[in-house]
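The structure appears right after this line, and notes come after that.
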Amino acid sequence: MDKLVIEGGVPLSGTIRIHGAKNAALPILAASILADGAVTIRNVPRLLDIQVMLDILQDLGCRTAFRGGTVTVDGSGASSSHVPESLMRRMRSSVFLMGPLLARFGEVQVYQPGGCAIGERKIDLHLRGLEALGANIEATGNRIVCRSERLRGAEIILDFPSVGATENIMMAAVLAEGRTTIVGAAREPEIQDLQRFLNGMGAIVRGAGTDTIVIEGVSSLSGCDFEVIPDRIVTGTVMVAAAATKGEVTLTGAQPGHLTSLIHVLRRAGVQIQVENDIMKVRATDRPRAVPRVVTSPYPAFPTDLQAQMMILLALADGVSVIKETIFEGRFKHAEELCRMGADIRLDLNTAFIRGVPRLYGTTVEATDLRAGAALVIAGLAAEGRTVIEQVHHIDRGYDRIEDMFSRLGGRIARHQETDKANIAALR
């Protein structure tokens, strides 16, 4: 089992380019099966979740290739609409295949998806949306089968702006007969990217980025060439790491407009941020200030996927901060690990009360999920002494070799296995 070993206390510095967004690439890869021909998708990060999605597409009969950040998918030979349970258990985002497979084959068989253990994440909204389009749904135990001779457009009202449900409905509706309107849709940049991809294949979708999306069904879609947006969560992770280590980092290839809420909170904490087109410069020289209240909510509010990282910075701040998590009820598992590093954090249901301390201390901690793992990497970079992070496979789901990324900025971080002593020695 891989581990990350970090010798902390070194301010990050330098320039780094942000890789493509995992949460944009995954639904786009799922949607590629809708095309009559091959699609080319650029700026795709090399992540564990991406590889699982490609494995699923290959199992369904698609031909795929992944070279130098560019993926090609030819779904013309796809012959199955049954997603294997073993692959679905490895990644929650495999649920994105329900909509496109149902639209293409009139039938899809899936299982309850896996992924990070960060709380209950039902797929009821996905199923209700597909049912509104005309699908007949049978759920037996862990197995879900959706069938429809012909999908037809409908008005679908979402009780909650679910990103996954919005995207699944969009992908199913592009080949449905007539108009589909999604009311109460999620507004994330990744949904806007999916709209651009679908329209690039010949779909007619408008409204992504607002709470109402309208899809005019078409009879077929063709291949296209597309580039994925930069990853706003990776961008935010690097920004917080620069601030927590009192460093100075320049990020290129970013989209600052996707991170206005984070930029606002960081500036309240005293972090200096300069923005110019797709370049951001982050600088912190003093101990951060406490932020009285940070609340996670659907985009464009503060993202739940940056809550754990922000907690690291506030754990080092001067004063008391409060974070309220409103999206996932199981997303404070990193707090216990941080307390083992010297943080002073008290939890009350979905609220964390953080009394900042002058410093954290390295120790052995465990990544319980993707974003918690990234937060612990930041903690290790900022802490005094050595930090060892176990269960690194969680981090690999969303960061392309996170140790290489931070090493390029001067961080003393290396990956190793129990039998590999060379990397540890290299840190000394």
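Residue names in the structure tokens use chain letters A, B, ... in the order shown, residue numbers from 1 in each chain, and ligand numbers from 1 in the order shown.
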Kindly provide the residues of range 211-237 of chain A that approach range 401-414 of chain A to within 12 Å, each paired with its closest atom pair and their distance in Å to one decimal, based on only C-alpha atoms, listed by chain and increasing number, as a tab-separated table.
residue	atom	partner	partner_atom	distance
A:Val234	CA	A:Ile402	CA	9.5
A:Thr235	CA	A:Met405	CA	11.3
A:Thr237	CA	A:Ile402	CA	10.4
Based on DSSP run over this structure's backbone, return all residues of range 83-314 of chain A in strand (DSSP E or B), as a VMD selection string.
chain A and resid 107 to 111 136 to 140 143 to 147 152 155 to 157 177 179 to 183 204 to 206 208 210 212 to 216 221 225 to 227 230 248 to 252 272 to 276 279 to 283 289 294 to 296 302
List every residue of range 66-306 of chain A that DSSP, applied to the backbone, labels as alpha helix (DSSP H), and write the result as JSON, numbers by chain.
{"A": [85, 86, 87, 88, 98, 99, 100, 101, 102, 103, 104, 105, 124, 125, 126, 127, 128, 129, 130, 131, 132, 163, 164, 165, 166, 167, 168, 169, 170, 171, 172, 173, 189, 190, 191, 192, 193, 194, 195, 196, 197, 198, 199, 200, 232, 233, 234, 235, 236, 237, 238, 239, 240, 241, 242, 243, 244, 260, 261, 262, 263, 264, 265, 266, 267, 268]}
Quick one: everything within 6 Å of Ala176 in chain A, counting only C-alpha atoms, minus sequence neighbours fewer than 3 positions away in the same chain. Send it as a ChimeraX atom specification.
/A:151-153,173,217
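Residue nearest Gly9 in chain A, chosen from A:Ala374, A:Gln417, A:Thr351, A:Ala241 and counting only C-alpha atoms: A:Ala241.
Taking CA of Phe226 in chain A and CA of Leu306 in chain A as the two end points, the separation is 26.8 Å.
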Give me, as a ChimeraX atom specification, all polymer residues having an atom no more than 12 Å from Glu7 in chain A, counting only C-alpha atoms and skipping those fewer than 5 positions away in the same chain.
/A:361-363,377-389,403,406-407,410-414,423-428
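Across the model, the gap from CA of Pro27 in chain A to CA of Met1 in chain A is 29.2 Å.
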Would you give me, as CSV, each residue of range 109-154 of chain A having an atom within 10 Å of an atom of range 83-103 of chain A, along with its shortest atom pair and that distance in Å to one decimal, using only C-alpha atoms and sorting by chain and residue number?
residue,atom,partner,partner_atom,distance
A:Gln109,CA,A:Val83,CA,6.2
A:Val110,CA,A:Val83,CA,5.3
A:Tyr111,CA,A:Glu85,CA,5.8
A:Gln112,CA,A:Met88,CA,7.3
A:Pro113,CA,A:Arg92,CA,4.6
A:Gly114,CA,A:Arg89,CA,4.2
A:Gly115,CA,A:Arg92,CA,4.6
A:Cys116,CA,A:Arg92,CA,7.8
A:Arg121,CA,A:Arg92,CA,9.4
A:Ile123,CA,A:Val95,CA,8.4
A:His126,CA,A:Gly99,CA,8.6
A:Leu127,CA,A:Met98,CA,9.0
A:Gly129,CA,A:Gly99,CA,9.5
A:Leu130,CA,A:Gly99,CA,7.2
A:Ala135,CA,A:Leu102,CA,8.3
A:Asn142,CA,A:Glu85,CA,9.1
A:Arg143,CA,A:Glu85,CA,8.5
A:Ile144,CA,A:Met98,CA,9.7
A:Val145,CA,A:Met98,CA,9.3
A:Cys146,CA,A:Leu102,CA,7.0
A:Arg147,CA,A:Leu102,CA,6.9
A:Ser148,CA,A:Leu102,CA,7.4
A:Glu149,CA,A:Leu102,CA,9.5
A:Arg150,CA,A:Ala103,CA,8.3
A:Leu151,CA,A:Ala103,CA,7.1
Okay, now the selection with N, CA, C and O atoms, as a JSON list (two decimals), in the first residue's frame?
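Saved the output as again18.json:
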[["chain", "number", "residue", "atom", "x", "y", "z"],
["A", 109, "GLN", "N", -28.38, -1.46, -17.34],
["A", 109, "GLN", "CA", -28.36, -2.18, -16.08],
["A", 109, "GLN", "C", -27.13, -1.74, -15.30],
["A", 109, "GLN", "O", -26.00, -1.84, -15.78],
["A", 110, "VAL", "N", -27.36, -1.20, -14.10],
["A", 110, "VAL", "CA", -26.28, -0.72, -13.25],
["A", 110, "VAL", "C", -26.50, -1.22, -11.83],
["A", 110, "VAL", "O", -27.48, -1.93, -11.55],
["A", 111, "TYR", "N", -25.58, -0.84, -10.97],
["A", 111, "TYR", "CA", -25.66, -1.21, -9.56],
["A", 111, "TYR", "C", -25.41, 0.05, -8.72],
["A", 111, "TYR", "O", -24.90, 1.05, -9.23],
["A", 112, "GLN", "N", -25.77, -0.01, -7.46],
["A", 112, "GLN", "CA", -25.51, 1.14, -6.60],
["A", 112, "GLN", "C", -24.03, 1.45, -6.66],
["A", 112, "GLN", "O", -23.19, 0.58, -6.45],
["A", 113, "PRO", "N", -23.65, 2.71, -6.96],
["A", 113, "PRO", "CA", -22.24, 3.05, -7.16],
["A", 113, "PRO", "C", -21.46, 3.12, -5.86],
["A", 113, "PRO", "O", -22.02, 3.30, -4.78],
["A", 114, "GLY", "N", -20.12, 3.01, -6.00],
["A", 114, "GLY", "CA", -19.22, 3.15, -4.86],
["A", 114, "GLY", "C", -18.68, 4.56, -4.79],
["A", 114, "GLY", "O", -19.31, 5.51, -5.23],
["A", 115, "GLY", "N", -17.45, 4.71, -4.26],
["A", 115, "GLY", "CA", -16.83, 6.03, -4.15],
["A", 115, "GLY", "C", -16.46, 6.35, -2.72],
["A", 115, "GLY", "O", -16.41, 5.46, -1.87],
["A", 116, "CYS", "N", -16.20, 7.61, -2.44],
["A", 116, "CYS", "CA", -15.77, 8.03, -1.11],
["A", 116, "CYS", "C", -16.90, 7.89, -0.09],
["A", 116, "CYS", "O", -18.06, 8.15, -0.40],
["A", 121, "ARG", "N", -25.42, 9.40, -0.26],
["A", 121, "ARG", "CA", -25.55, 10.08, -1.55],
["A", 121, "ARG", "C", -26.46, 9.22, -2.43],
["A", 121, "ARG", "O", -26.01, 8.41, -3.23],
["A", 123, "ILE", "N", -29.28, 8.13, -5.30],
["A", 123, "ILE", "CA", -29.42, 8.46, -6.72],
["A", 123, "ILE", "C", -30.90, 8.59, -7.10],
["A", 123, "ILE", "O", -31.26, 8.46, -8.27],
["A", 126, "HIS", "N", -31.62, 11.05, -9.89],
["A", 126, "HIS", "CA", -31.25, 10.51, -11.20],
["A", 126, "HIS", "C", -32.39, 9.66, -11.76],
["A", 126, "HIS", "O", -32.82, 9.83, -12.91],
["A", 127, "LEU", "N", -32.87, 8.75, -10.92],
["A", 127, "LEU", "CA", -33.90, 7.80, -11.36],
["A", 127, "LEU", "C", -35.22, 8.50, -11.65],
["A", 127, "LEU", "O", -35.88, 8.19, -12.65],
["A", 129, "GLY", "N", -35.60, 11.54, -12.64],
["A", 129, "GLY", "CA", -35.44, 12.29, -13.88],
["A", 129, "GLY", "C", -35.57, 11.40, -15.10],
["A", 129, "GLY", "O", -36.26, 11.74, -16.07],
["A", 130, "LEU", "N", -34.93, 10.23, -15.06],
["A", 130, "LEU", "CA", -35.02, 9.29, -16.18],
["A", 130, "LEU", "C", -36.44, 8.75, -16.32],
["A", 130, "LEU", "O", -36.94, 8.54, -17.44],
["A", 135, "ALA", "N", -38.63, 6.33, -18.82],
["A", 135, "ALA", "CA", -37.98, 5.07, -18.47],
["A", 135, "ALA", "C", -38.80, 4.29, -17.45],
["A", 135, "ALA", "O", -39.40, 4.88, -16.55],
["A", 142, "ASN", "N", -29.38, -4.57, -5.03],
["A", 142, "ASN", "CA", -28.37, -3.59, -5.43],
["A", 142, "ASN", "C", -28.43, -3.29, -6.93],
["A", 142, "ASN", "O", -27.72, -2.40, -7.41],
["A", 143, "ARG", "N", -29.27, -4.01, -7.67],
["A", 143, "ARG", "CA", -29.31, -3.90, -9.13],
["A", 143, "ARG", "C", -30.43, -2.97, -9.57],
["A", 143, "ARG", "O", -31.53, -2.98, -9.03],
["A", 144, "ILE", "N", -30.12, -2.13, -10.57],
["A", 144, "ILE", "CA", -31.10, -1.18, -11.13],
["A", 144, "ILE", "C", -31.15, -1.38, -12.64],
["A", 144, "ILE", "O", -30.12, -1.33, -13.30],
["A", 145, "VAL", "N", -32.35, -1.59, -13.16],
["A", 145, "VAL", "CA", -32.53, -1.74, -14.60],
["A", 145, "VAL", "C", -33.50, -0.67, -15.08],
["A", 145, "VAL", "O", -34.59, -0.51, -14.52],
["A", 146, "CYS", "N", -33.10, 0.09, -16.10],
["A", 146, "CYS", "CA", -33.96, 1.11, -16.71],
["A", 146, "CYS", "C", -34.22, 0.72, -18.16],
["A", 146, "CYS", "O", -33.28, 0.38, -18.89],
["A", 147, "ARG", "N", -35.49, 0.78, -18.58],
["A", 147, "ARG", "CA", -35.85, 0.44, -19.97],
["A", 147, "ARG", "C", -36.80, 1.48, -20.52],
["A", 147, "ARG", "O", -37.64, 2.02, -19.80],
["A", 148, "SER", "N", -36.67, 1.74, -21.82],
["A", 148, "SER", "CA", -37.60, 2.63, -22.50],
["A", 148, "SER", "C", -37.51, 2.40, -23.99],
["A", 148, "SER", "O", -36.41, 2.39, -24.56],
["A", 149, "GLU", "N", -38.67, 2.18, -24.64],
["A", 149, "GLU", "CA", -38.66, 2.04, -26.08],
["A", 149, "GLU", "C", -38.35, 3.37, -26.75],
["A", 149, "GLU", "O", -37.70, 3.41, -27.80],
["A", 150, "ARG", "N", -38.79, 4.47, -26.15],
["A", 150, "ARG", "CA", -38.53, 5.78, -26.71],
["A", 150, "ARG", "C", -38.60, 6.83, -25.62],
["A", 150, "ARG", "O", -39.63, 6.98, -24.94],
["A", 151, "LEU", "N", -37.50, 7.54, -25.40],
["A", 151, "LEU", "CA", -37.50, 8.62, -24.42],
["A", 151, "LEU", "C", -38.18, 9.84, -25.02],
["A", 151, "LEU", "O", -38.02, 10.15, -26.19]]
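Distance-wise, CA of Thr245 in chain A and CA of Pro230 in chain A end up 23.4 Å apart.
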My list of candidates is A:Thr64, A:Ser80, A:Thr260, A:Ser297. Which is closest to Pro161 in chain A when distances are computed with only C-alpha atoms?
A:Ser297
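Nearest to Gly247 in chain A of all the residues A:Val108, A:Ile215, A:Val275, A:Leu12 is A:Leu12, counting only C-alpha atoms.
Distances to Leu47 in chain A were evaluated for A:Lys22, A:Arg128, A:Lys333, A:Arg283 using only C-alpha atoms, and the minimum falls at A:Lys22.
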Might you pull out every residue within 12 Å of Ile191 in chain A, with only C-alpha atoms counted and same-chain residues fewer than 6 positions away left off, and present them as JSON, numbers by chain?
{"A": [21, 23, 24, 25, 26, 27, 28, 161, 162, 163, 164, 165, 166, 167, 168, 169, 170, 171, 185, 197, 198, 205, 206, 207, 208, 209, 210, 211, 212, 213, 228, 229, 299]}
For the selection just defined, write its residues with N, CA, C and O atoms to a file, as a tab-separated table (two decimals), in the first residue's frame.
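This is the output file selection-v2.tsv:
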chain	number	residue	atom	x	y	z
A	21	ALA	N	-10.14	19.09	-15.34
A	21	ALA	CA	-11.06	18.81	-14.24
A	21	ALA	C	-11.60	17.39	-14.31
A	21	ALA	O	-12.25	17.01	-15.28
A	23	ASN	N	-14.08	16.22	-12.51
A	23	ASN	CA	-15.53	16.24	-12.46
A	23	ASN	C	-16.18	16.74	-13.74
A	23	ASN	O	-17.40	16.65	-13.89
A	24	ALA	N	-15.37	17.28	-14.65
A	24	ALA	CA	-15.87	17.60	-15.99
A	24	ALA	C	-15.59	16.45	-16.93
A	24	ALA	O	-16.43	16.08	-17.76
A	25	ALA	N	-14.39	15.85	-16.82
A	25	ALA	CA	-13.99	14.79	-17.75
A	25	ALA	C	-14.84	13.54	-17.61
A	25	ALA	O	-15.16	12.89	-18.62
A	26	LEU	N	-15.24	13.18	-16.40
A	26	LEU	CA	-15.97	11.92	-16.21
A	26	LEU	C	-17.33	11.91	-16.93
A	26	LEU	O	-17.62	10.97	-17.67
A	27	PRO	N	-18.21	12.90	-16.72
A	27	PRO	CA	-19.47	12.87	-17.48
A	27	PRO	C	-19.26	13.04	-18.98
A	27	PRO	O	-20.03	12.49	-19.78
A	28	ILE	N	-18.23	13.77	-19.38
A	28	ILE	CA	-17.94	13.91	-20.80
A	28	ILE	C	-17.54	12.57	-21.40
A	28	ILE	O	-17.97	12.21	-22.51
A	161	PRO	N	-30.40	20.89	-6.25
A	161	PRO	CA	-29.58	21.06	-7.46
A	161	PRO	C	-28.43	20.06	-7.55
A	161	PRO	O	-27.25	20.41	-7.42
A	162	SER	N	-28.79	18.80	-7.74
A	162	SER	CA	-27.80	17.72	-7.82
A	162	SER	C	-27.02	17.81	-9.12
A	162	SER	O	-27.60	17.81	-10.21
A	163	VAL	N	-25.69	17.85	-9.01
A	163	VAL	CA	-24.85	17.90	-10.20
A	163	VAL	C	-25.01	16.63	-11.03
A	163	VAL	O	-25.24	16.67	-12.24
A	164	GLY	N	-24.89	15.48	-10.37
A	164	GLY	CA	-24.99	14.21	-11.09
A	164	GLY	C	-26.32	14.01	-11.76
A	164	GLY	O	-26.40	13.56	-12.92
A	165	ALA	N	-27.41	14.32	-11.06
A	165	ALA	CA	-28.73	14.15	-11.65
A	165	ALA	C	-28.93	15.08	-12.83
A	165	ALA	O	-29.47	14.70	-13.88
A	166	THR	N	-28.49	16.34	-12.69
A	166	THR	CA	-28.60	17.29	-13.79
A	166	THR	C	-27.89	16.77	-15.03
A	166	THR	O	-28.42	16.79	-16.15
A	167	GLU	N	-26.67	16.26	-14.85
A	167	GLU	CA	-25.87	15.79	-15.98
A	167	GLU	C	-26.46	14.52	-16.58
A	167	GLU	O	-26.49	14.36	-17.81
A	168	ASN	N	-26.94	13.60	-15.75
A	168	ASN	CA	-27.53	12.37	-16.28
A	168	ASN	C	-28.78	12.66	-17.12
A	168	ASN	O	-28.98	12.08	-18.19
A	169	ILE	N	-29.61	13.58	-16.63
A	169	ILE	CA	-30.82	13.94	-17.37
A	169	ILE	C	-30.45	14.62	-18.68
A	169	ILE	O	-31.05	14.35	-19.73
A	170	MET	N	-29.46	15.51	-18.65
A	170	MET	CA	-29.01	16.18	-19.87
A	170	MET	C	-28.59	15.15	-20.93
A	170	MET	O	-28.98	15.25	-22.11
A	171	MET	N	-27.79	14.17	-20.51
A	171	MET	CA	-27.27	13.19	-21.46
A	171	MET	C	-28.35	12.29	-22.02
A	171	MET	O	-28.30	11.87	-23.18
A	185	ALA	N	-31.92	23.12	-11.78
A	185	ALA	CA	-30.68	22.45	-12.17
A	185	ALA	C	-29.49	22.97	-11.39
A	185	ALA	O	-29.47	24.13	-10.95
A	197	PHE	N	-19.69	20.29	-24.63
A	197	PHE	CA	-19.32	19.03	-25.29
A	197	PHE	C	-20.50	18.46	-26.08
A	197	PHE	O	-20.36	18.06	-27.24
A	198	LEU	N	-21.67	18.40	-25.45
A	198	LEU	CA	-22.85	17.86	-26.13
A	198	LEU	C	-23.18	18.68	-27.37
A	198	LEU	O	-23.48	18.13	-28.44
A	205	VAL	N	-28.51	22.25	-26.56
A	205	VAL	CA	-28.68	22.44	-25.11
A	205	VAL	C	-28.34	23.89	-24.78
A	205	VAL	O	-27.35	24.43	-25.27
A	206	ARG	N	-29.16	24.52	-23.96
A	206	ARG	CA	-28.87	25.89	-23.53
A	206	ARG	C	-29.31	26.06	-22.06
A	206	ARG	O	-30.17	25.32	-21.57
A	207	GLY	N	-28.69	27.03	-21.42
A	207	GLY	CA	-29.07	27.35	-20.04
A	207	GLY	C	-28.13	26.85	-18.98
A	207	GLY	O	-28.29	27.19	-17.80
A	208	ALA	N	-27.12	26.02	-19.33
A	208	ALA	CA	-26.18	25.53	-18.31
A	208	ALA	C	-25.49	26.72	-17.65
A	208	ALA	O	-25.07	27.66	-18.33
A	209	GLY	N	-25.38	26.67	-16.35
A	209	GLY	CA	-24.87	27.80	-15.58
A	209	GLY	C	-25.98	28.58	-14.91
A	209	GLY	O	-25.73	29.42	-14.06
A	210	THR	N	-27.23	28.29	-15.31
A	210	THR	CA	-28.41	28.86	-14.65
A	210	THR	C	-29.18	27.71	-14.02
A	210	THR	O	-28.82	26.54	-14.16
A	211	ASP	N	-30.29	28.03	-13.36
A	211	ASP	CA	-31.06	26.96	-12.72
A	211	ASP	C	-32.10	26.34	-13.65
A	211	ASP	O	-32.88	25.48	-13.22
A	212	THR	N	-32.10	26.74	-14.92
A	212	THR	CA	-33.03	26.15	-15.89
A	212	THR	C	-32.28	25.79	-17.17
A	212	THR	O	-31.69	26.66	-17.81
A	213	ILE	N	-32.29	24.52	-17.51
A	213	ILE	CA	-31.60	24.02	-18.71
A	213	ILE	C	-32.65	23.46	-19.66
A	213	ILE	O	-33.53	22.69	-19.25
A	228	VAL	N	-11.14	19.86	-22.05
A	228	VAL	CA	-11.77	19.95	-20.73
A	228	VAL	C	-11.26	21.18	-19.98
A	228	VAL	O	-10.10	21.57	-20.10
A	229	ILE	N	-12.14	21.80	-19.20
A	229	ILE	CA	-11.76	22.96	-18.38
A	229	ILE	C	-10.76	22.55	-17.30
A	229	ILE	O	-10.67	21.39	-16.92
A	299	TYR	N	-22.87	25.42	-5.88
A	299	TYR	CA	-22.26	26.50	-6.67
A	299	TYR	C	-23.30	27.56	-7.01
A	299	TYR	O	-24.44	27.23	-7.30
